[in-house]
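What follows is one structure encoded as structure tokens, with my remarks underneath.
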Amino acid sequence: MSARADAVRRVAASDRLLVALDFDGTVSPLADDPMAARMIPAARAAIERLAALPDTVVAFVSGRSLADLREISEHGDDSPVYLAGSHGAEFWTPGEGAGDSAADDADADLRDDLLARAIEATSGMDGVWIEPKAFGLGVHTRIATPETADAANAAVDAIITAEAPHWRRRTGKDIVEYAFRHEGKDSAIAALRERLGATAVVFAGDDVTDEDALRTLGADDLGVRVGAGPSAASVFVADVEDMASLLESVATERAAVRE
């Protein structure tokens with residue numbers, strides 16, 4: 001048996017399993033238009049199968065705002081899938097809905113001011129998009145030239161450094177994010193694990209921010225990295241299609257021991 005198959009079989013046999021997944025680049029290909037991202041059918045089928053199994057919970061853990069995560073994941077009010085948006089600063093719970101995570105007036109006013117200034121500073125920069133976020137903003141440069149991306153990031157860095165040096169800065173694939181909330185995917189996984197009483201966690205992601213969560217996983221868990229690059233993950237998969245195949249394998253093994 002391969003190391004991957006052995007890891008899948010081991011984690012699938014746990015008493016209560018949490019399968020927590022990044023979205024972009026993990027179950028959905030990266031999209032030039034971030035709001036056009038959607039799960040590939042194979043990933044959706046595996047996730048639906050997992051969510052229907054006894055003692056098995058699925059969650060998306062994403063840097064996206066909760067509202068945007070619900071839209072791109074096509075997440076309905078009757079969904080059994082938990083959501084942790086904004087790197088774990090926002091939660092949606094089946095049967096309960098979204099928790100209260102509204103920003104206070106001072107933080108919201110500063111966010112709105114810096115968002116407007118970032119948009120103004122990068123206006124006319126081809127391929128740059130400033131994304132409003134619940135607790136800050138993101139600078140997307142996926143379709144910009146490297147020189148334009150550097151200029152955009154430098155311009156917004158200068159604004160945030162001068163006006164909000166306490167904000168958390170995160171880098172990802174063709175995005176720099178700034179937020180006045182400091183939660184990370186590590187704290188999101190910890191909160192979900194405790195709330196759900198999970199005895200094991202599968203966590204998968206493809207980007208730098210996912211490493212926060214991957215580094216916290218224990219011996220009974222399974223960390224998966226989608227794509228190449230340095231990672232704390234124990235298993236690597238090639239792409240979103242390979243990730244969907246792994247999820248299907250977890251569902252098959254889980255069904256054998258839990259149904």
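Lettering and numbering for the structure tokens are positional, with chains as A, B, ... in the shown order, residues counted from 1 in each chain, and ligands counted from 1 in the shown order.
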Going by DSSP on the backbone, which bits of segment 25-232 of chain A are alpha helix (DSSP H)? Write them as a ChimeraX atom specification, please.
/A:41-51,66-72,105-122,146-163,185-196,211-214
Leaving out Pro132 of chain A and any residue of its chain fewer than 3 positions from it, which residues lie within 10 Å of it when counting only C-alpha atoms, given as number ranges by chain?
A: 65, 111-112, 115-116, 119, 129, 135-139
Using N, CA and C atoms, can you export the residues from the last selection as a PDB file, in the first residue's frame?
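Below you can see part.pdb, which holds the result:
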ATOM      1  N   SER A  65     -14.166  36.424   2.311  1.00  0.00           N
ATOM      2  CA  SER A  65     -15.208  36.828   3.235  1.00  0.00           C
ATOM      3  C   SER A  65     -16.310  35.770   3.210  1.00  0.00           C
ATOM      4  N   ARG A 111     -11.339  50.844   7.637  1.00  0.00           N
ATOM      5  CA  ARG A 111     -11.321  49.919   6.497  1.00  0.00           C
ATOM      6  C   ARG A 111     -11.834  50.602   5.233  1.00  0.00           C
ATOM      7  N   ASP A 112     -12.950  51.289   5.345  1.00  0.00           N
ATOM      8  CA  ASP A 112     -13.544  51.930   4.177  1.00  0.00           C
ATOM      9  C   ASP A 112     -12.646  53.029   3.622  1.00  0.00           C
ATOM     10  N   LEU A 115      -9.617  51.321   1.968  1.00  0.00           N
ATOM     11  CA  LEU A 115     -10.056  50.682   0.727  1.00  0.00           C
ATOM     12  C   LEU A 115     -10.146  51.718  -0.391  1.00  0.00           C
ATOM     13  N   ALA A 116     -10.768  52.850  -0.097  1.00  0.00           N
ATOM     14  CA  ALA A 116     -10.900  53.903  -1.113  1.00  0.00           C
ATOM     15  C   ALA A 116      -9.533  54.420  -1.540  1.00  0.00           C
ATOM     16  N   ILE A 119      -7.816  51.812  -3.777  1.00  0.00           N
ATOM     17  CA  ILE A 119      -8.399  51.826  -5.130  1.00  0.00           C
ATOM     18  C   ILE A 119      -7.867  53.020  -5.919  1.00  0.00           C
ATOM     19  N   TRP A 129      -6.769  44.438  -9.089  1.00  0.00           N
ATOM     20  CA  TRP A 129      -8.107  44.576  -8.522  1.00  0.00           C
ATOM     21  C   TRP A 129      -8.012  44.632  -7.010  1.00  0.00           C
ATOM     22  N   PHE A 135     -12.979  42.487   6.879  1.00  0.00           N
ATOM     23  CA  PHE A 135     -12.104  43.041   7.905  1.00  0.00           C
ATOM     24  C   PHE A 135     -10.857  43.689   7.308  1.00  0.00           C
ATOM     25  N   GLY A 136     -10.922  44.080   6.050  1.00  0.00           N
ATOM     26  CA  GLY A 136      -9.771  44.719   5.438  1.00  0.00           C
ATOM     27  C   GLY A 136      -9.913  44.785   3.935  1.00  0.00           C
ATOM     28  N   LEU A 137      -8.852  44.415   3.233  1.00  0.00           N
ATOM     29  CA  LEU A 137      -8.869  44.473   1.771  1.00  0.00           C
ATOM     30  C   LEU A 137      -7.803  43.540   1.217  1.00  0.00           C
ATOM     31  N   GLY A 138      -7.955  43.211  -0.075  1.00  0.00           N
ATOM     32  CA  GLY A 138      -6.982  42.368  -0.759  1.00  0.00           C
ATOM     33  C   GLY A 138      -6.558  43.029  -2.061  1.00  0.00           C
ATOM     34  N   VAL A 139      -5.284  42.847  -2.423  1.00  0.00           N
ATOM     35  CA  VAL A 139      -4.748  43.378  -3.675  1.00  0.00           C
ATOM     36  C   VAL A 139      -4.486  42.191  -4.603  1.00  0.00           C
TER      37      VAL A 139
END
According to DSSP computed on the backbone, where in segment 23-201 of chain A is there strand (DSSP E or B)? Give the residues as a PyMOL selection string.
chain A and resi 24+28+56-61+82-85+90-93+97-98+129-133+136-140+168-172+175-179+200-201
Could you write out the selected residues, including N, CA, C and O atoms, as a compact mmCIF listing (two decimals), in the first residue's frame?
# COMPACT_ATOMS: atom_id res chain seq x y z
N ASP A 24 -10.12 28.01 -2.99
CA ASP A 24 -9.42 28.38 -4.23
C ASP A 24 -8.12 27.60 -4.37
O ASP A 24 -7.28 27.60 -3.47
N SER A 28 -11.32 24.16 -6.25
CA SER A 28 -11.64 24.95 -7.43
C SER A 28 -10.35 25.44 -8.07
O SER A 28 -9.44 25.87 -7.35
N THR A 56 -19.07 12.48 10.39
CA THR A 56 -18.17 13.09 9.42
C THR A 56 -18.67 14.49 9.11
O THR A 56 -19.84 14.66 8.74
N VAL A 57 -17.81 15.48 9.26
CA VAL A 57 -18.19 16.88 9.03
C VAL A 57 -17.24 17.47 8.00
O VAL A 57 -16.02 17.25 8.05
N VAL A 58 -17.79 18.25 7.08
CA VAL A 58 -16.99 18.94 6.08
C VAL A 58 -17.08 20.44 6.33
O VAL A 58 -18.15 20.97 6.68
N ALA A 59 -15.95 21.13 6.16
CA ALA A 59 -15.92 22.59 6.31
C ALA A 59 -15.01 23.20 5.24
O ALA A 59 -14.00 22.59 4.86
N PHE A 60 -15.37 24.39 4.77
CA PHE A 60 -14.47 25.19 3.97
C PHE A 60 -13.84 26.23 4.89
O PHE A 60 -14.54 26.92 5.64
N VAL A 61 -12.53 26.35 4.81
CA VAL A 61 -11.78 27.32 5.63
C VAL A 61 -11.00 28.19 4.65
O VAL A 61 -10.04 27.73 4.02
N TYR A 82 -19.93 23.31 7.10
CA TYR A 82 -19.53 24.45 7.91
C TYR A 82 -18.65 25.38 7.08
O TYR A 82 -17.93 24.93 6.17
N LEU A 83 -18.67 26.66 7.40
CA LEU A 83 -17.82 27.63 6.73
C LEU A 83 -17.04 28.45 7.75
O LEU A 83 -17.59 28.87 8.78
N ALA A 84 -15.76 28.66 7.46
CA ALA A 84 -14.94 29.61 8.20
C ALA A 84 -14.36 30.58 7.18
O ALA A 84 -13.50 30.21 6.38
N GLY A 85 -14.87 31.79 7.14
CA GLY A 85 -14.42 32.80 6.20
C GLY A 85 -13.47 33.78 6.84
O GLY A 85 -13.28 33.78 8.06
N GLU A 90 -14.90 34.73 10.57
CA GLU A 90 -16.34 34.59 10.35
C GLU A 90 -16.68 33.11 10.27
O GLU A 90 -15.95 32.34 9.64
N PHE A 91 -17.82 32.73 10.85
CA PHE A 91 -18.25 31.34 10.81
C PHE A 91 -19.71 31.24 10.39
O PHE A 91 -20.53 32.12 10.70
N TRP A 92 -20.01 30.16 9.68
CA TRP A 92 -21.39 29.79 9.36
C TRP A 92 -21.58 28.36 9.82
O TRP A 92 -20.81 27.47 9.47
N THR A 93 -22.65 28.13 10.61
CA THR A 93 -22.91 26.82 11.21
C THR A 93 -24.23 26.26 10.69
O THR A 93 -25.24 26.97 10.71
N GLY A 97 -26.69 29.31 10.98
CA GLY A 97 -26.36 30.43 10.10
C GLY A 97 -25.08 31.11 10.52
O GLY A 97 -24.24 30.54 11.23
N ALA A 98 -24.95 32.36 10.11
CA ALA A 98 -23.72 33.12 10.38
C ALA A 98 -23.68 33.62 11.81
O ALA A 98 -24.71 34.06 12.35
N TRP A 129 -6.77 44.44 -9.09
CA TRP A 129 -8.11 44.58 -8.52
C TRP A 129 -8.01 44.63 -7.01
O TRP A 129 -7.37 43.79 -6.39
N ILE A 130 -8.63 45.64 -6.41
CA ILE A 130 -8.68 45.77 -4.96
C ILE A 130 -9.99 45.16 -4.47
O ILE A 130 -11.08 45.62 -4.85
N GLU A 131 -9.89 44.13 -3.67
CA GLU A 131 -11.07 43.41 -3.18
C GLU A 131 -11.49 43.91 -1.81
O GLU A 131 -10.70 43.86 -0.86
N PRO A 132 -12.72 44.39 -1.67
CA PRO A 132 -13.22 44.72 -0.33
C PRO A 132 -13.39 43.44 0.48
O PRO A 132 -13.92 42.45 -0.02
N LYS A 133 -12.94 43.46 1.72
CA LYS A 133 -13.11 42.31 2.60
C LYS A 133 -13.78 42.76 3.89
O LYS A 133 -13.76 43.95 4.24
N GLY A 136 -10.92 44.08 6.05
CA GLY A 136 -9.77 44.72 5.44
C GLY A 136 -9.91 44.79 3.94
O GLY A 136 -10.97 45.14 3.41
N LEU A 137 -8.85 44.42 3.23
CA LEU A 137 -8.87 44.47 1.77
C LEU A 137 -7.80 43.54 1.22
O LEU A 137 -6.89 43.11 1.92
N GLY A 138 -7.95 43.21 -0.07
CA GLY A 138 -6.98 42.37 -0.76
C GLY A 138 -6.56 43.03 -2.06
O GLY A 138 -7.35 43.69 -2.73
N VAL A 139 -5.28 42.85 -2.42
CA VAL A 139 -4.75 43.38 -3.67
C VAL A 139 -4.49 42.19 -4.60
O VAL A 139 -3.55 41.41 -4.38
N HIS A 140 -5.31 42.05 -5.62
CA HIS A 140 -5.18 40.94 -6.58
C HIS A 140 -4.36 41.39 -7.78
O HIS A 140 -4.65 42.44 -8.37
N ARG A 168 -2.83 42.99 10.08
CA ARG A 168 -2.08 41.80 9.69
C ARG A 168 -1.94 41.76 8.17
O ARG A 168 -2.91 41.98 7.44
N ARG A 169 -0.74 41.48 7.70
CA ARG A 169 -0.46 41.39 6.26
C ARG A 169 -0.19 39.92 5.92
O ARG A 169 0.63 39.27 6.57
N ARG A 170 -0.88 39.40 4.90
CA ARG A 170 -0.69 38.03 4.44
C ARG A 170 -0.41 38.05 2.93
O ARG A 170 -1.04 38.80 2.20
N THR A 171 0.49 37.19 2.50
CA THR A 171 0.73 37.04 1.08
C THR A 171 0.24 35.68 0.62
O THR A 171 0.32 34.69 1.35
N GLY A 172 -0.26 35.63 -0.60
CA GLY A 172 -0.69 34.39 -1.22
C GLY A 172 -0.34 34.40 -2.68
O GLY A 172 0.50 35.20 -3.13
N ILE A 175 -1.84 37.60 -4.56
CA ILE A 175 -2.68 38.44 -3.70
C ILE A 175 -1.90 38.81 -2.45
O ILE A 175 -1.12 38.00 -1.92
N VAL A 176 -2.10 40.06 -2.00
CA VAL A 176 -1.65 40.48 -0.68
C VAL A 176 -2.90 40.94 0.07
O VAL A 176 -3.70 41.72 -0.47
N GLU A 177 -3.08 40.43 1.29
CA GLU A 177 -4.26 40.76 2.08
C GLU A 177 -3.86 41.52 3.33
O GLU A 177 -2.80 41.26 3.93
N TYR A 178 -4.72 42.45 3.72
CA TYR A 178 -4.52 43.23 4.94
C TYR A 178 -5.81 43.15 5.76
O TYR A 178 -6.91 43.28 5.22
N ALA A 179 -5.66 42.98 7.08
CA ALA A 179 -6.86 42.83 7.92
C ALA A 179 -6.59 43.35 9.33
O ALA A 179 -5.49 43.22 9.86
N ALA A 200 -10.02 13.44 14.59
CA ALA A 200 -9.00 13.56 13.55
C ALA A 200 -9.46 14.62 12.55
O ALA A 200 -10.66 14.83 12.35
N VAL A 201 -8.48 15.27 11.92
CA VAL A 201 -8.77 16.32 10.95
C VAL A 201 -8.00 16.03 9.66
O VAL A 201 -6.81 15.72 9.69
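For the set A:Leu192, A:Gly25, A:Ala144, A:Ser231, the residue with the smallest atom-to-atom gap to Glu211 of chain A is A:Ser231, counting only C-alpha atoms.
The residue that comes closest to Asp239 of chain A, out of A:Gly127, A:Arg70, A:Arg9, A:Gly227 and on the basis of only C-alpha atoms, is A:Gly227.
Among the candidates A:Asp157, A:Asp105, A:Asp174, A:Asp68, the one nearest to Ala121 of chain A when counting only C-alpha atoms is A:Asp157.
Compared by their closest atoms to Ala238 of chain A, and using only C-alpha atoms, the residues A:Gly88, A:Gly205, A:Gly99, A:Gly218 rank with A:Gly205 nearest.
When the distance limit is 10 Å and only C-alpha atoms are what count, the residues near Asp15 of chain A, minus those fewer than 6 positions from it on the same chain, are Pro54, Asp55, Thr56, Gly197, Ala198, Thr199, Ala200, Val257 and Arg258 of chain A.
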Selection export as an mmCIF file, in the first residue's frame, atoms kept: C-alpha atoms:
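Okay, this is what ended up in selection37.cif:
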data_model
loop_
_atom_site.group_PDB
_atom_site.id
_atom_site.type_symbol
_atom_site.label_atom_id
_atom_site.label_comp_id
_atom_site.auth_asym_id
_atom_site.auth_seq_id
_atom_site.Cartn_x
_atom_site.Cartn_y
_atom_site.Cartn_z
ATOM 1 C CA PRO A 54 -22.048 9.367 9.946
ATOM 2 C CA ASP A 55 -19.694 11.192 12.332
ATOM 3 C CA THR A 56 -18.167 13.092 9.424
ATOM 4 C CA GLY A 197 -15.331 17.010 19.010
ATOM 5 C CA ALA A 198 -13.275 15.806 16.063
ATOM 6 C CA THR A 199 -10.830 13.025 16.833
ATOM 7 C CA ALA A 200 -9.004 13.565 13.547
ATOM 8 C CA VAL A 257 -16.037 1.636 8.425
ATOM 9 C CA ARG A 258 -18.937 3.970 9.342
#
Fewer than 5 positions away in the same chain doesn't count, so skip those; otherwise give me all residues within 6 Å of segment 37-51 of chain A, counting only C-alpha atoms, as an MDAnalysis selection string.
chainID A and resid 27:28 31 57:58 72 244 247:248 251
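With atom CA of Ala255 of chain A on one side and atom CA of Val19 of chain A on the other, the separation reads 14.1 Å.
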Considering only C-alpha atoms, return as a PyMOL selection string whatever protein or nucleic-acid residues lie within 12 Å of Ala154 of chain A, sequence-local ones (same chain, fewer than 3 positions apart) excluded.
chain A and resi 118+121-122+139+147-151+157-161+176
Next, dump the selected residues to file, keeping only all heavy atoms, as an mmCIF file, in the first residue's frame.
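Final file, out35.cif:
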data_model
loop_
_atom_site.group_PDB
_atom_site.id
_atom_site.type_symbol
_atom_site.label_atom_id
_atom_site.label_comp_id
_atom_site.auth_asym_id
_atom_site.auth_seq_id
_atom_site.Cartn_x
_atom_site.Cartn_y
_atom_site.Cartn_z
ATOM 1 N N ALA A 118 -6.679 52.756 -1.423
ATOM 2 C CA ALA A 118 -5.989 51.715 -2.191
ATOM 3 C C ALA A 118 -6.508 51.674 -3.621
ATOM 4 O O ALA A 118 -5.736 51.514 -4.575
ATOM 5 C CB ALA A 118 -6.171 50.360 -1.508
ATOM 6 N N ALA A 121 -5.041 54.661 -5.413
ATOM 7 C CA ALA A 121 -3.594 54.541 -5.641
ATOM 8 C C ALA A 121 -3.270 53.577 -6.777
ATOM 9 O O ALA A 121 -2.208 53.683 -7.398
ATOM 10 C CB ALA A 121 -2.895 54.098 -4.360
ATOM 11 N N THR A 122 -4.150 52.620 -7.035
ATOM 12 C CA THR A 122 -3.879 51.617 -8.066
ATOM 13 C C THR A 122 -4.733 51.818 -9.321
ATOM 14 O O THR A 122 -4.697 50.987 -10.222
ATOM 15 C CB THR A 122 -4.123 50.199 -7.511
ATOM 16 O OG1 THR A 122 -5.479 50.101 -7.036
ATOM 17 C CG2 THR A 122 -3.165 49.896 -6.367
ATOM 18 N N VAL A 139 -5.284 42.847 -2.423
ATOM 19 C CA VAL A 139 -4.748 43.378 -3.675
ATOM 20 C C VAL A 139 -4.486 42.191 -4.603
ATOM 21 O O VAL A 139 -3.549 41.414 -4.377
ATOM 22 C CB VAL A 139 -3.452 44.173 -3.439
ATOM 23 C CG1 VAL A 139 -2.956 44.784 -4.749
ATOM 24 C CG2 VAL A 139 -3.655 45.252 -2.389
ATOM 25 N N GLU A 147 5.904 43.787 -13.021
ATOM 26 C CA GLU A 147 6.260 45.157 -12.673
ATOM 27 C C GLU A 147 5.052 45.922 -12.118
ATOM 28 O O GLU A 147 5.165 46.659 -11.122
ATOM 29 C CB GLU A 147 6.812 45.882 -13.906
ATOM 30 C CG GLU A 147 8.119 45.331 -14.447
ATOM 31 C CD GLU A 147 7.958 44.042 -15.237
ATOM 32 O OE1 GLU A 147 6.811 43.715 -15.646
ATOM 33 O OE2 GLU A 147 8.982 43.366 -15.453
ATOM 34 N N THR A 148 3.892 45.711 -12.744
ATOM 35 C CA THR A 148 2.681 46.375 -12.256
ATOM 36 C C THR A 148 2.274 45.824 -10.894
ATOM 37 O O THR A 148 1.856 46.580 -10.007
ATOM 38 C CB THR A 148 1.529 46.194 -13.263
ATOM 39 O OG1 THR A 148 1.909 46.763 -14.515
ATOM 40 C CG2 THR A 148 0.267 46.872 -12.777
ATOM 41 N N ALA A 149 2.398 44.515 -10.720
ATOM 42 C CA ALA A 149 2.077 43.906 -9.422
ATOM 43 C C ALA A 149 2.956 44.491 -8.325
ATOM 44 O O ALA A 149 2.470 44.828 -7.240
ATOM 45 C CB ALA A 149 2.248 42.399 -9.497
ATOM 46 N N ASP A 150 4.243 44.611 -8.594
ATOM 47 C CA ASP A 150 5.158 45.185 -7.594
ATOM 48 C C ASP A 150 4.773 46.617 -7.264
ATOM 49 O O ASP A 150 4.796 47.024 -6.085
ATOM 50 C CB ASP A 150 6.600 45.144 -8.117
ATOM 51 C CG ASP A 150 7.181 43.738 -8.151
ATOM 52 O OD1 ASP A 150 6.600 42.841 -7.503
ATOM 53 O OD2 ASP A 150 8.210 43.546 -8.818
ATOM 54 N N ALA A 151 4.413 47.384 -8.282
ATOM 55 C CA ALA A 151 4.040 48.779 -8.057
ATOM 56 C C ALA A 151 2.757 48.885 -7.231
ATOM 57 O O ALA A 151 2.657 49.715 -6.314
ATOM 58 C CB ALA A 151 3.874 49.493 -9.392
ATOM 59 N N ASP A 157 1.053 48.887 0.299
ATOM 60 C CA ASP A 157 1.883 48.696 1.492
ATOM 61 C C ASP A 157 2.166 50.033 2.179
ATOM 62 O O ASP A 157 2.103 50.136 3.414
ATOM 63 C CB ASP A 157 3.227 48.049 1.117
ATOM 64 C CG ASP A 157 3.173 46.527 1.135
ATOM 65 O OD1 ASP A 157 2.260 45.963 1.768
ATOM 66 O OD2 ASP A 157 4.061 45.907 0.525
ATOM 67 N N ALA A 158 2.485 51.040 1.389
ATOM 68 C CA ALA A 158 2.813 52.353 1.959
ATOM 69 C C ALA A 158 1.609 52.948 2.688
ATOM 70 O O ALA A 158 1.752 53.537 3.772
ATOM 71 C CB ALA A 158 3.285 53.288 0.852
ATOM 72 N N ILE A 159 0.426 52.777 2.113
ATOM 73 C CA ILE A 159 -0.784 53.307 2.741
ATOM 74 C C ILE A 159 -1.058 52.600 4.069
ATOM 75 O O ILE A 159 -1.310 53.231 5.099
ATOM 76 C CB ILE A 159 -1.982 53.154 1.787
ATOM 77 C CG1 ILE A 159 -1.810 54.045 0.561
ATOM 78 C CG2 ILE A 159 -3.298 53.456 2.508
ATOM 79 C CD1 ILE A 159 -2.804 53.750 -0.548
ATOM 80 N N ILE A 160 -1.009 51.279 4.048
ATOM 81 C CA ILE A 160 -1.322 50.513 5.260
ATOM 82 C C ILE A 160 -0.259 50.735 6.335
ATOM 83 O O ILE A 160 -0.585 50.893 7.524
ATOM 84 C CB ILE A 160 -1.462 49.014 4.941
ATOM 85 C CG1 ILE A 160 -2.520 48.776 3.856
ATOM 86 C CG2 ILE A 160 -1.780 48.225 6.210
ATOM 87 C CD1 ILE A 160 -3.918 49.234 4.226
ATOM 88 N N THR A 161 0.992 50.757 5.951
ATOM 89 C CA THR A 161 2.073 50.961 6.920
ATOM 90 C C THR A 161 1.926 52.306 7.619
ATOM 91 O O THR A 161 2.149 52.420 8.834
ATOM 92 C CB THR A 161 3.440 50.874 6.228
ATOM 93 O OG1 THR A 161 3.586 49.568 5.657
ATOM 94 C CG2 THR A 161 4.574 51.127 7.209
ATOM 95 N N VAL A 176 -2.097 40.057 -1.998
ATOM 96 C CA VAL A 176 -1.651 40.482 -0.677
ATOM 97 C C VAL A 176 -2.897 40.944 0.067
ATOM 98 O O VAL A 176 -3.698 41.724 -0.465
ATOM 99 C CB VAL A 176 -0.619 41.621 -0.753
ATOM 100 C CG1 VAL A 176 -0.206 42.058 0.657
ATOM 101 C CG2 VAL A 176 0.603 41.188 -1.548
#
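Taking atom CA of Met35 of chain A and atom CA of Leu114 of chain A as endpoints, the distance between them is 22.0 Å.
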Could you work out how far atom CA of Asp221 of chain A lies from atom CA of Phe203 of chain A, giving the answer in Å with one decimal?
8.1 Å
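Here the question is which of A:Leu222, A:Ala256, A:Leu246, A:Ala228 gets nearest to Arg10 of chain A using only C-alpha atoms, and that residue is A:Leu222.
Using only C-alpha atoms, the shortest contact distance between Asp109 of chain A and any of A:Glu74, A:Ala134, A:Gly184, A:Glu194 is found at A:Ala134.
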